[in-house]
>>> print(open('target-v4.tsv').read())   # TSV, C-alpha atoms
chain	number	residue	atom	x	y	z
A	680	MET	CA	123.84	68.03	95.52
A	681	LYS	CA	120.41	67.27	97.03
A	682	GLN	CA	121.09	63.52	96.75
A	683	LEU	CA	124.40	64.03	98.53
A	684	PHE	CA	122.71	65.81	101.43
A	685	THR	CA	120.02	63.10	101.60
A	686	PHE	CA	122.73	60.46	101.78
A	687	LEU	CA	124.59	62.36	104.49
A	688	PHE	CA	121.41	62.80	106.50
A	689	LEU	CA	120.73	59.06	106.36
A	690	LEU	CA	124.32	58.45	107.38
A	691	LEU	CA	123.84	60.68	110.43
A	692	CYS	CA	120.85	58.59	111.51
A	693	PHE	CA	122.72	55.27	111.58
A	694	PRO	CA	123.87	54.13	114.98
A	695	SER	CA	127.64	53.96	115.42
A	696	PHE	CA	128.38	50.30	116.16
A	697	GLY	CA	132.11	50.81	116.62
A	698	GLN	CA	131.52	53.34	119.33
A	699	GLU	CA	129.23	50.97	121.25
A	700	ASP	CA	131.82	48.18	121.16
A	701	LEU	CA	134.50	50.45	122.49
A	702	MET	CA	132.28	51.74	125.27
A	703	SER	CA	131.32	48.22	126.36
A	704	LEU	CA	134.99	47.26	126.51
A	705	LEU	CA	135.96	50.28	128.52
A	706	ASP	CA	133.16	50.60	130.97
A	707	ASP	CA	130.31	48.20	131.44
A	708	GLY	CA	128.83	50.45	134.04
A	709	VAL	CA	128.38	53.43	131.73
A	710	LYS	CA	125.09	55.17	132.29
A	711	GLU	CA	122.58	53.99	129.73
A	712	ASP	CA	121.57	57.40	128.44
A	713	ALA	CA	124.67	59.47	129.14
A	714	PRO	CA	124.73	62.41	126.74
A	715	VAL	CA	127.54	62.72	124.21
A	716	ILE	CA	129.64	65.74	125.06
A	717	ALA	CA	131.88	67.99	122.96
A	718	THR	CA	130.44	67.15	119.55
A	719	PHE	CA	132.09	70.45	118.62
A	720	LYS	CA	134.45	72.47	120.76
A	721	ALA	CA	132.84	75.86	120.21
A	722	VAL	CA	129.40	77.32	119.58
A	723	ARG	CA	130.49	77.96	115.99
A	724	ILE	CA	131.96	75.45	113.56
A	725	ILE	CA	133.60	78.26	111.59
A	726	ASN	CA	131.11	80.93	110.47
A	727	GLY	CA	127.94	79.05	111.26
A	728	HIS	CA	126.60	77.86	114.57
A	729	SER	CA	127.21	74.36	115.88
A	730	ILE	CA	124.80	72.46	118.14
A	731	GLU	CA	126.86	73.50	121.16
A	732	THR	CA	125.47	76.17	123.50
A	733	THR	CA	127.12	78.52	125.97
A	734	ARG	CA	127.18	77.04	129.48
A	735	LYS	CA	124.47	78.10	131.91
A	736	ASN	CA	125.15	81.47	133.58
A	737	HIS	CA	128.28	81.98	131.51
A	738	LEU	CA	128.85	85.07	129.40
A	739	ASP	CA	131.06	84.85	126.34
A	740	PHE	CA	132.63	87.94	124.80
A	741	VAL	CA	133.28	86.95	121.20
A	742	ILE	CA	135.51	88.68	118.66
A	743	ASN	CA	135.23	87.55	115.04
A	744	HIS	CA	137.75	88.98	112.63
A	745	ARG	CA	138.10	88.77	108.83
A	746	PHE	CA	140.96	90.21	106.86
A	747	GLY	CA	140.82	91.02	103.13
A	748	ALA	CA	141.28	88.57	100.27
A	749	LEU	CA	144.61	86.85	99.70
A	750	ASN	CA	144.47	87.87	96.02
A	751	SER	CA	144.37	91.60	96.84
A	752	GLY	CA	148.11	91.77	96.20
A	753	TYR	CA	151.18	93.05	97.96
A	754	GLN	CA	149.81	96.63	97.95
A	755	ASN	CA	147.22	95.44	100.46
A	756	PHE	CA	149.63	93.04	102.15
A	757	TRP	CA	147.59	90.13	100.77
A	758	GLY	CA	144.49	91.23	102.61
A	759	LEU	CA	145.95	92.09	106.00
A	760	ASP	CA	145.47	95.83	105.37
A	761	GLN	CA	141.72	95.41	105.41
A	762	ALA	CA	139.72	94.07	108.31
A	763	GLN	CA	136.12	93.48	109.27
A	764	ILE	CA	135.12	92.77	112.83
A	765	ARG	CA	132.13	91.46	114.70
A	766	LEU	CA	131.85	91.92	118.45
A	767	GLY	CA	129.38	89.76	120.29
A	768	LEU	CA	128.04	88.74	123.68
A	769	GLU	CA	126.58	85.29	124.26
A	770	TYR	CA	124.89	84.05	127.41
A	771	GLY	CA	123.68	80.64	128.54
A	772	LEU	CA	120.20	81.01	130.04
A	773	SER	CA	120.01	77.31	130.81
A	774	LYS	CA	121.85	74.13	129.97
A	775	ASN	CA	120.24	74.03	126.54
A	776	LEU	CA	119.21	77.60	125.76
A	777	MET	CA	121.50	80.46	124.85
A	778	ILE	CA	120.97	83.98	123.60
A	779	GLY	CA	123.35	86.31	121.85
A	780	VAL	CA	123.79	89.74	120.35
A	781	GLY	CA	126.49	91.05	118.05
A	782	ARG	CA	127.44	93.94	115.84
A	783	SER	CA	129.29	93.57	112.54
A	784	SER	CA	131.25	96.33	110.86
A	785	PHE	CA	130.44	94.68	107.51
A	786	GLN	CA	127.13	96.22	106.35
A	787	LYS	CA	126.82	97.70	109.89
A	788	VAL	CA	124.49	95.02	111.14
A	789	VAL	CA	123.29	94.24	114.65
A	790	ASP	CA	122.19	90.63	115.09
A	791	MET	CA	120.32	88.91	117.91
A	792	TYR	CA	119.68	85.24	118.24
A	793	PHE	CA	118.50	82.27	120.27
A	794	LYS	CA	119.76	78.74	120.12
A	795	TYR	CA	117.96	75.90	121.82
A	796	ARG	CA	119.25	72.34	122.05
A	797	LEU	CA	116.20	70.16	121.59
A	798	VAL	CA	117.75	66.72	121.98
A	799	THR	CA	121.23	65.42	122.73
A	800	GLN	CA	122.91	62.37	121.26
A	801	THR	CA	123.42	59.59	123.78
A	802	GLU	CA	126.37	57.28	124.31
A	803	SER	CA	124.10	54.25	124.16
A	804	GLY	CA	122.86	55.19	120.71
A	805	SER	CA	119.22	55.43	121.85
A	806	MET	CA	119.35	58.97	120.42
A	807	PRO	CA	121.67	58.87	117.41
A	808	ILE	CA	121.88	62.63	116.77
A	809	SER	CA	121.78	65.96	118.55
A	810	VAL	CA	119.26	68.51	117.36
A	811	ALA	CA	119.23	72.24	118.01
A	812	LEU	CA	117.14	75.10	116.70
A	813	PHE	CA	118.58	78.47	115.84
A	814	ALA	CA	116.76	81.70	115.03
A	815	SER	CA	118.26	85.12	114.45
A	816	ASN	CA	117.16	88.59	113.56
A	817	ALA	CA	119.67	90.88	111.81
A	818	ILE	CA	119.09	94.63	111.58
A	819	THR	CA	121.18	96.83	109.32
A	820	THR	CA	121.94	100.27	110.76
A	821	VAL	CA	123.19	101.93	107.57
A	822	GLN	CA	121.70	105.39	106.95
A	823	SER	CA	120.14	105.44	103.50
A	824	PRO	CA	116.89	106.43	101.77
A	825	SER	CA	116.38	102.73	101.08
A	826	TYR	CA	115.80	102.25	104.79
A	827	ASN	CA	113.38	105.13	105.31
A	828	ASP	CA	110.84	102.44	106.06
A	829	GLY	CA	112.51	100.75	109.04
A	830	ILE	CA	111.04	97.34	108.29
A	831	ASN	CA	113.41	97.07	105.30
A	832	ARG	CA	116.30	96.74	107.72
A	833	TYR	CA	115.37	93.27	109.00
A	834	ALA	CA	116.53	89.83	107.95
A	835	TYR	CA	115.67	86.53	109.64
A	836	THR	CA	117.42	83.20	109.75
A	837	TYR	CA	116.08	79.85	110.95
A	838	GLN	CA	118.19	76.75	111.19
A	839	VAL	CA	117.73	73.20	112.34
A	840	LEU	CA	121.11	71.89	113.44
A	841	LEU	CA	121.47	68.10	113.14
A	842	ALA	CA	124.77	66.77	114.40
A	843	ARG	CA	126.34	63.46	115.17
A	844	LYS	CA	129.61	62.67	116.87
A	845	PHE	CA	130.69	59.45	115.12
A	846	ASN	CA	133.66	58.81	117.38
A	847	GLU	CA	136.22	60.77	119.39
A	848	SER	CA	137.66	62.24	116.19
A	849	ILE	CA	134.83	62.91	113.77
A	850	SER	CA	131.69	65.01	114.13
A	851	ILE	CA	129.43	66.03	111.26
A	852	GLN	CA	126.56	68.50	111.21
A	853	LEU	CA	123.83	69.17	108.64
A	854	THR	CA	122.18	72.57	108.73
A	855	PRO	CA	118.96	73.11	106.77
A	856	THR	CA	118.47	76.87	106.70
A	857	LEU	CA	115.68	79.29	105.85
A	858	ILE	CA	116.56	82.94	105.38
A	859	HIS	CA	114.17	85.82	104.82
A	860	ARG	CA	115.53	89.25	103.95
A	861	ASN	CA	112.94	92.04	103.91
A	862	LEU	CA	114.99	93.99	101.36
A	863	VAL	CA	117.19	92.54	98.61
A	864	LEU	CA	119.08	94.37	95.89
A	865	GLU	CA	117.49	92.95	92.77
A	866	LYS	CA	113.99	91.99	91.69
A	867	SER	CA	115.29	88.60	90.52
A	868	ASP	CA	116.69	87.80	93.97
A	869	GLN	CA	114.76	85.71	96.50
A	870	ASN	CA	113.59	87.44	99.68
A	871	THR	CA	112.97	84.02	101.18
A	872	MET	CA	115.54	81.41	100.32
A	873	PHE	CA	116.45	77.91	101.40
A	874	SER	CA	119.98	76.73	101.91
A	875	MET	CA	121.61	73.54	103.12
A	876	GLY	CA	124.84	73.49	105.06
A	877	ILE	CA	127.26	70.82	106.09
A	878	GLY	CA	130.07	71.18	108.56
A	879	GLY	CA	132.47	68.90	110.31
A	880	ARG	CA	135.23	68.54	112.84
A	881	PHE	CA	138.19	66.19	112.59
A	882	LYS	CA	140.17	66.00	115.78
A	883	LEU	CA	143.92	66.00	115.18
A	884	THR	CA	145.37	66.04	118.70
A	885	LYS	CA	144.00	66.53	122.19
A	886	ARG	CA	143.91	70.28	121.66
A	887	THR	CA	143.58	70.81	117.92
A	888	SER	CA	141.11	69.96	115.18
A	889	LEU	CA	140.44	70.64	111.51
A	890	ASN	CA	137.01	72.00	110.63
A	891	PHE	CA	135.15	72.59	107.39
A	892	GLU	CA	131.89	74.21	106.47
A	893	TYR	CA	129.89	74.53	103.24
A	894	PHE	CA	126.55	76.17	102.52
A	895	TRP	CA	124.79	75.38	99.27
A	896	VAL	CA	122.63	78.19	97.88
A	897	PRO	CA	120.16	78.08	94.98
A	898	GLU	CA	120.79	79.85	91.65
A	899	ARG	CA	118.95	83.15	91.81
A	900	GLY	CA	119.44	84.61	88.33
A	901	ASN	CA	120.90	87.84	89.69
A	902	GLN	CA	123.38	90.07	87.95
A	903	VAL	CA	125.37	89.96	91.16
A	904	VAL	CA	126.33	86.28	91.30
A	905	TYR	CA	126.15	84.86	94.81
A	906	ARG	CA	128.15	81.76	95.56
A	907	PRO	CA	128.23	78.97	98.12
A	908	MET	CA	130.24	79.67	101.24
A	909	PHE	CA	133.11	77.29	101.90
A	910	SER	CA	135.48	77.56	104.83
A	911	LEU	CA	138.36	75.58	106.25
A	912	GLY	CA	139.38	76.06	109.84
A	913	PHE	CA	141.87	75.02	112.48
A	914	ASP	CA	140.79	75.06	116.13
A	915	ILE	CA	143.21	75.34	119.01
A	916	GLU	CA	141.89	74.72	122.49
A	917	THR	CA	143.80	76.67	125.10
A	918	GLY	CA	142.72	76.33	128.70
A	919	GLY	CA	139.00	76.68	128.38
A	920	HIS	CA	139.13	78.86	125.29
A	921	VAL	CA	138.95	77.85	121.67
A	922	PHE	CA	140.94	79.90	119.23
A	923	GLN	CA	139.58	79.38	115.73
A	924	LEU	CA	141.67	80.22	112.68
A	925	HIS	CA	140.17	79.88	109.23
A	926	PHE	CA	140.10	80.62	105.53
A	927	THR	CA	136.76	81.47	103.94
A	928	ASN	CA	135.32	83.11	100.82
A	929	SER	CA	132.84	85.16	102.85
A	930	LEU	CA	133.36	88.60	104.32
A	931	GLY	CA	130.13	88.47	106.31
A	932	MET	CA	130.14	86.74	109.69
A	933	ILE	CA	126.39	86.39	110.29
A	934	GLU	CA	124.04	83.95	108.60
A	935	LYS	CA	122.21	86.25	106.21
A	936	ALA	CA	125.56	87.59	104.95
A	937	PHE	CA	127.69	84.46	104.67
A	938	ILE	CA	124.91	82.23	103.35
A	939	ALA	CA	122.86	84.58	101.18
A	940	GLU	CA	125.39	87.22	100.12
A	941	THR	CA	128.76	85.58	99.56
A	942	VAL	CA	130.35	86.72	96.30
A	943	GLY	CA	133.93	85.44	96.63
A	944	ARG	CA	135.27	82.46	94.69
A	945	TRP	CA	137.98	80.15	96.02
A	946	SER	CA	139.05	79.34	92.46
A	947	LYS	CA	139.84	83.03	91.85
A	948	GLY	CA	141.74	83.44	95.10
A	949	ASP	CA	138.95	85.35	96.88
A	950	VAL	CA	139.99	83.71	100.12
A	951	LEU	CA	139.94	85.63	103.37
A	952	TYR	CA	141.90	84.82	106.48
A	953	GLY	CA	140.04	85.18	109.77
A	954	PHE	CA	139.79	84.14	113.36
A	955	ASN	CA	137.29	83.83	116.21
A	956	VAL	CA	138.34	84.30	119.82
A	957	SER	CA	136.25	84.44	122.94
A	958	ARG	CA	136.63	85.16	126.64
A	959	THR	CA	134.25	83.47	129.02
A	960	PHE	CA	133.02	85.03	132.26
A	961	SER	CA	131.27	82.87	134.81
A	962	LEU	CA	128.32	84.66	136.40
A	963	ASN	CA	127.58	81.83	138.81
A	964	ARG	CA	127.23	82.95	142.41
A	965	LYS	CA	129.71	81.13	144.57
B	494	MET	CA	108.68	66.28	124.96
B	495	LEU	CA	105.51	68.38	124.59
B	496	ARG	CA	107.09	71.12	126.72
B	497	LYS	CA	110.12	71.13	124.45
B	498	PHE	CA	107.92	71.32	121.37
B	499	ILE	CA	105.94	74.28	122.73
B	500	LEU	CA	109.16	76.03	123.69
B	501	ALA	CA	110.54	75.43	120.21
B	502	VAL	CA	107.42	76.87	118.55
B	503	LEU	CA	107.48	79.92	120.83
B	504	PHE	CA	111.15	80.33	120.14
B	505	LEU	CA	110.62	80.37	116.38
B	506	ALA	CA	107.64	82.71	116.67
B	507	LEU	CA	109.66	85.22	118.70
B	508	ALA	CA	111.96	86.14	115.87
B	509	TRP	CA	109.06	87.28	113.69
B	510	VAL	CA	107.92	90.05	116.00
B	511	SER	CA	109.64	92.74	113.95
B	512	GLY	CA	107.53	92.11	110.85
B	513	CYS	CA	108.10	90.57	107.50
B	514	VAL	CA	107.89	92.07	104.00
B	515	SER	CA	109.44	91.16	100.63
B	516	ARG	CA	110.93	94.14	98.84
B	517	ASN	CA	113.82	94.86	96.50
B	518	LEU	CA	115.88	97.97	95.81
B	519	GLU	CA	115.14	97.95	92.10
B	520	GLU	CA	111.46	98.51	92.75
B	521	LEU	CA	111.93	100.85	95.69
B	522	ASN	CA	114.13	103.01	93.44
B	523	PRO	CA	115.18	105.95	95.59
B	524	LEU	CA	116.29	107.92	92.48
B	525	PRO	CA	113.79	110.83	92.65
B	526	SER	CA	114.92	111.92	96.12
B	527	VAL	CA	118.63	111.89	95.30
B	528	CYS	CA	118.08	113.69	91.97
B	529	ALA	CA	117.15	116.77	93.94
B	530	SER	CA	120.74	117.00	95.13
B	531	ASP	CA	122.70	119.85	93.57
B	532	THR	CA	125.72	119.60	95.81
B	533	VAL	CA	127.41	116.74	93.97
B	534	THR	CA	130.22	117.69	91.62
B	535	TYR	CA	132.59	115.62	89.51
B	536	LYS	CA	135.62	117.51	90.74
B	537	TYR	CA	134.94	117.45	94.48
B	538	SER	CA	132.66	114.44	94.96
B	539	ILE	CA	133.20	111.78	92.31
B	540	VAL	CA	136.98	112.09	92.01
B	541	LYS	CA	137.26	111.92	95.80
B	542	ILE	CA	135.08	108.79	95.99
B	543	LEU	CA	137.15	107.10	93.26
B	544	ASP	CA	140.39	108.01	95.04
B	545	ASP	CA	139.18	107.12	98.55
B	546	ASN	CA	138.13	103.65	97.47
B	547	SER	CA	141.24	102.80	95.45
B	548	CYS	CA	139.25	102.75	92.17
B	549	SER	CA	141.75	105.11	90.54
B	550	GLY	CA	144.67	102.93	91.63
B	551	CYS	CA	143.61	99.89	89.62
B	552	HIS	CA	141.71	101.56	86.79
B	553	ALA	CA	144.22	104.14	85.59
B	554	ASP	CA	146.14	104.83	82.38
B	555	GLY	CA	148.65	102.06	81.99
B	556	SER	CA	147.07	99.77	84.62
B	557	SER	CA	143.49	99.44	83.47
B	558	SER	CA	142.42	96.43	85.47
B	559	GLY	CA	139.77	94.50	83.55
B	560	GLY	CA	140.22	96.93	80.65
B	561	VAL	CA	138.41	99.65	82.61
B	562	ASN	CA	140.10	103.05	82.67
B	563	LEU	CA	138.74	105.68	85.05
B	564	ASP	CA	141.42	108.28	84.35
B	565	GLY	CA	139.84	111.65	83.63
B	566	TYR	CA	136.33	112.92	83.24
B	567	GLU	CA	135.67	111.50	79.75
B	568	ASN	CA	136.39	107.94	80.87
B	569	VAL	CA	134.36	108.20	84.07
B	570	LYS	CA	131.48	109.78	82.16
B	571	ARG	CA	131.45	106.82	79.75
B	572	TYR	CA	130.93	104.35	82.61
B	573	ALA	CA	128.44	106.66	84.29
B	574	ASP	CA	126.34	106.81	81.12
B	575	ASN	CA	126.36	103.09	80.40
B	576	GLY	CA	125.25	102.33	83.97
B	577	LYS	CA	128.33	100.33	84.91
B	578	LEU	CA	129.70	102.84	87.42
B	579	TYR	CA	126.54	102.75	89.50
B	580	GLY	CA	125.94	99.02	88.95
B	581	VAL	CA	129.31	97.78	90.17
B	582	THR	CA	129.71	100.25	93.05
B	583	SER	CA	126.19	99.62	94.39
B	584	HIS	CA	126.58	95.87	93.79
B	585	THR	CA	123.36	95.85	91.78
B	586	SER	CA	124.90	94.72	88.49
B	587	GLY	CA	128.19	93.64	86.96
B	588	SER	CA	131.23	92.60	88.96
B	589	PRO	CA	130.97	94.06	92.50
B	590	MET	CA	133.58	96.77	93.17
B	591	PRO	CA	135.90	97.53	94.88
B	592	LYS	CA	137.03	93.99	94.15
B	593	ASN	CA	137.01	91.72	97.22
B	594	MET	CA	136.27	94.64	99.49
B	595	PRO	CA	133.09	95.73	101.24
B	596	ARG	CA	130.64	97.80	99.26
B	597	ILE	CA	131.42	101.53	99.42
B	598	SER	CA	129.29	103.51	101.85
B	599	GLN	CA	125.64	104.16	101.06
B	600	ASN	CA	126.35	107.86	101.22
B	601	GLU	CA	128.98	107.50	98.47
B	602	ILE	CA	126.64	105.37	96.35
B	603	ASP	CA	123.92	107.99	96.80
B	604	ARG	CA	126.31	110.72	95.64
B	605	ILE	CA	127.32	108.72	92.54
B	606	GLN	CA	123.64	108.12	91.81
B	607	ALA	CA	122.84	111.80	92.27
B	608	TRP	CA	125.66	112.86	89.94
B	609	ILE	CA	124.49	110.44	87.25
B	610	CYS	CA	120.94	111.58	87.77
B	611	ILE	CA	121.82	115.21	86.97
B	612	GLY	CA	123.55	114.08	83.76
B	613	ALA	CA	127.06	113.32	85.05
B	614	PRO	CA	128.35	116.86	84.28
B	615	ASN	CA	131.99	117.98	84.38
B	616	ASN	CA	131.29	120.38	87.23
>>> encode(input="target-v4.tsv", output="C-alpha cells")
Amino acid sequence: MKQLFTFLFLLLCFPSFGQEDLMSLLDDGVKEDAPVIATFKAVRIINGHSIETTRKNHLDFVINHRFGALNSGYQNFWGLDQAQIRLGLEYGLSKNLMIGVGRSSFQKVVDMYFKYRLVTQTESGSMPISVALFASNAITTVQSPSYNDGINRYAYTYQVLLARKFNESISIQLTPTLIHRNLVLEKSDQNTMFSMGIGGRFKLTKRTSLNFEYFWVPERGNQVVYRPMFSLGFDIETGGHVFQLHFTNSLGMIEKAFIAETVGRWSKGDVLYGFNVSRTFSLNRK
Amino acid sequence: MLRKFILAVLFLALAWVSGCVSRNLEELNPLPSVCASDTVTYKYSIVKILDDNSCSGCHADGSSSGGVNLDGYENVKRYADNGKLYGVTSHTSGSPMPKNMPRISQNEIDRIQAWICIGAPNN
C-alpha cells in the first residue's frame, strides 16, 4: 500500500504534457501562470476535504446526511429509517483561506476547522500540483463520567492536501493525515495515528462527475476492528450548487470519525447511503 | 513564500490551543463512580434499554442473530457475566452493537455498567 501511494505521489508531480499541447493549440496568448480552476467542484470530495476553498466573503450552509446501512434489512427500510446529520457553516476569509464549524449528531461532536490553500497548480505546468493545509479540532459534547476532565473531549486532525488536475476530466488528490484523539476506547489503540488518503474526480458530463475516496489506516490491534474508509460518489452541479450523493462505509462525517473510527465493511454490506448539500450566501457588499 | 510559510505554521499551531493528552477509557475506568448507583434494575432499566435499541428484536427466541439470545433474565445475565454485554454495547470489545447503528447513549452504557457492577441481579 505504501509503495502504491509513493507511486501515485510521483505521478502527481509529473507535468501533464497532453494538457500543454492542447492549451497551445487553443490559445497561444494564455497567461503564463494562470491558475488551474475547479480541480474539484466542492470543498469536499465525498467525506474528506478537497483542496477547494469557499469563495471570499461567501457563507456556505452545509447539510451532510447519512442513512443507515443497506444490509439492515426491510424492517429498517434498508437503512432509510435511520439517519445521522451534520449541520455546518463555512466562510471564505480570503481567496485561499476558509474557516468552518459544524455539529454532528453522530457522537454529538462539534468541529471547527481552517483550510488554507498554499499553492495552486498552474496551466503552464510551472506548478504541477495544488497544495492546501487543513487543521480541525473536534469536541465531543456527550455527557459522561469519561469526560469529567474536559480535555478528554478533544481530537485534532492535520492534513496536507496534494491535488492535481490532469485534464478536464480527471483530478486526483493525495491526503497524508495525522490525527490525535485525547481519549480512545482501548489501551491498544493509538491516540496519535497516521493515515493516507486518496480521492479522485472523473467528470462524466458538463454537470456530473464520479468521485471516489479511500483512507488507509494502520492495524491497531484493538478488539474493536477499525477499517479503511471507502466511498463512491456522484456529484451533480445545479446552478452554483453541488449536490453530492454517495455510498460509504462510514457513519461519521468528520475526519476523526471517518478516518480513525470506521467499523463498517463493504464486503459485508455495511454500506450507507448519504448526501451533502449546501446553500451559498454572498456577503459581499454591493 | 516566507509569508505563506509563517501563516501555515501559525495556522497549524492554532489548533493545539485546547491542549493535548493521550488517554484511553480502559485506564480511566469510570467503574467505581457508577457502582454507587442503586437505581438500576433489570426489570425497569436493562429490559428497556434492550427494547429501545432493537437488541431484543434480533436476539430473541427463534431469531437469535449470531447465536446470541437475549430473551429473559437468565440469558441476559449470562452475557452480562461474561463481559460481552458491556463490551459490544460500549464498543470496547467484540462486535459493536447495535449492528451498523450508532453506539447507544453513554447514559445507557453507564446504566448497563452499573447493573453489572452490582452483580447483574434480577431486580
>>> interface_residues(input="target-v4.tsv", of="chain A", to="chain B", cutoff="9 Å", atoms="all atoms listed in the file", output="count of residues only")
51
>>> residues_around(input="target-v4.tsv", residues="Val722 (chain A)", least_positions_apart="3", cutoff="9 Å", atoms="all atoms listed in the file", output="compact mmCIF listing (two decimals) with C-alpha atoms, in the frame of the given file")
# COMPACT_ATOMS: atom_id res chain seq x y z
CA PHE A 719 132.09 70.45 118.62
CA GLY A 727 127.94 79.05 111.26
CA HIS A 728 126.60 77.86 114.57
CA SER A 729 127.21 74.36 115.88
CA ILE A 730 124.80 72.46 118.14
CA GLU A 731 126.86 73.50 121.16
CA THR A 732 125.47 76.17 123.50
CA THR A 733 127.12 78.52 125.97
>>> closest_residue(input="target-v4.tsv", among="A:Gly804, A:Val798, A:Phe873, A:Ser783", to="Thr820 (chain A)", atoms="all atoms listed in the file")
A:Ser783
>>> atom_distance(input="target-v4.tsv", atom1="CA of Phe756 (chain A)", atom2="CA of Asn568 (chain B)")
29.2 Å
>>> atom_distance(input="target-v4.tsv", atom1="CA of Asn755 (chain A)", atom2="CA of Pro591 (chain B)")
12.8 Å
>>> atom_distance(input="target-v4.tsv", atom1="CA of Lys882 (chain A)", atom2="CA of Glu916 (chain A)")
11.1 Å
>>> build_atoms(input="target-v4.tsv", residues="region 802-818 of chain A", atoms="N, CA and C atoms", output="mmCIF file, in the coordinates of the input")
data_model
loop_
_atom_site.group_PDB
_atom_site.id
_atom_site.type_symbol
_atom_site.label_atom_id
_atom_site.label_comp_id
_atom_site.auth_asym_id
_atom_site.auth_seq_id
_atom_site.Cartn_x
_atom_site.Cartn_y
_atom_site.Cartn_z
ATOM 1 N N GLU A 802 125.279 58.249 124.470
ATOM 2 C CA GLU A 802 126.370 57.280 124.310
ATOM 3 C C GLU A 802 125.840 55.904 123.911
ATOM 4 N N SER A 803 124.650 55.577 124.426
ATOM 5 C CA SER A 803 124.100 54.250 124.160
ATOM 6 C C SER A 803 123.599 54.115 122.724
ATOM 7 N N GLY A 804 123.380 55.240 122.074
ATOM 8 C CA GLY A 804 122.860 55.190 120.710
ATOM 9 C C GLY A 804 121.339 55.235 120.670
ATOM 10 N N SER A 805 120.679 55.340 121.841
ATOM 11 C CA SER A 805 119.220 55.430 121.850
ATOM 12 C C SER A 805 118.770 56.719 121.160
ATOM 13 N N MET A 806 119.585 57.764 121.221
ATOM 14 C CA MET A 806 119.350 58.970 120.420
ATOM 15 C C MET A 806 120.596 59.157 119.549
ATOM 16 N N PRO A 807 120.465 58.901 118.250
ATOM 17 C CA PRO A 807 121.670 58.870 117.410
ATOM 18 C C PRO A 807 122.233 60.241 117.041
ATOM 19 N N ILE A 808 121.399 61.299 117.166
ATOM 20 C CA ILE A 808 121.880 62.630 116.770
ATOM 21 C C ILE A 808 121.504 63.668 117.828
ATOM 22 N N SER A 809 122.179 64.805 117.750
ATOM 23 C CA SER A 809 121.780 65.960 118.550
ATOM 24 C C SER A 809 121.065 66.942 117.624
ATOM 25 N N VAL A 810 120.041 67.568 118.167
ATOM 26 C CA VAL A 810 119.260 68.510 117.360
ATOM 27 C C VAL A 810 119.151 69.835 118.113
ATOM 28 N N ALA A 811 119.413 70.922 117.407
ATOM 29 C CA ALA A 811 119.230 72.240 118.010
ATOM 30 C C ALA A 811 118.510 73.144 117.017
ATOM 31 N N LEU A 812 117.821 74.130 117.548
ATOM 32 C CA LEU A 812 117.140 75.100 116.700
ATOM 33 C C LEU A 812 117.818 76.452 116.885
ATOM 34 N N PHE A 813 117.924 77.163 115.787
ATOM 35 C CA PHE A 813 118.580 78.470 115.840
ATOM 36 C C PHE A 813 117.708 79.480 115.108
ATOM 37 N N ALA A 814 117.512 80.635 115.703
ATOM 38 C CA ALA A 814 116.760 81.700 115.030
ATOM 39 C C ALA A 814 117.451 83.025 115.293
ATOM 40 N N SER A 815 117.603 83.820 114.243
ATOM 41 C CA SER A 815 118.260 85.120 114.450
ATOM 42 C C SER A 815 117.538 86.217 113.681
ATOM 43 N N ASN A 816 117.736 87.410 114.166
ATOM 44 C CA ASN A 816 117.160 88.590 113.560
ATOM 45 C C ASN A 816 118.308 89.579 113.361
ATOM 46 N N ALA A 817 118.562 89.961 112.106
ATOM 47 C CA ALA A 817 119.670 90.880 111.810
ATOM 48 C C ALA A 817 119.100 92.213 111.336
ATOM 49 N N ILE A 818 119.624 93.292 111.900
ATOM 50 C CA ILE A 818 119.090 94.630 111.580
ATOM 51 C C ILE A 818 120.238 95.497 111.083
#
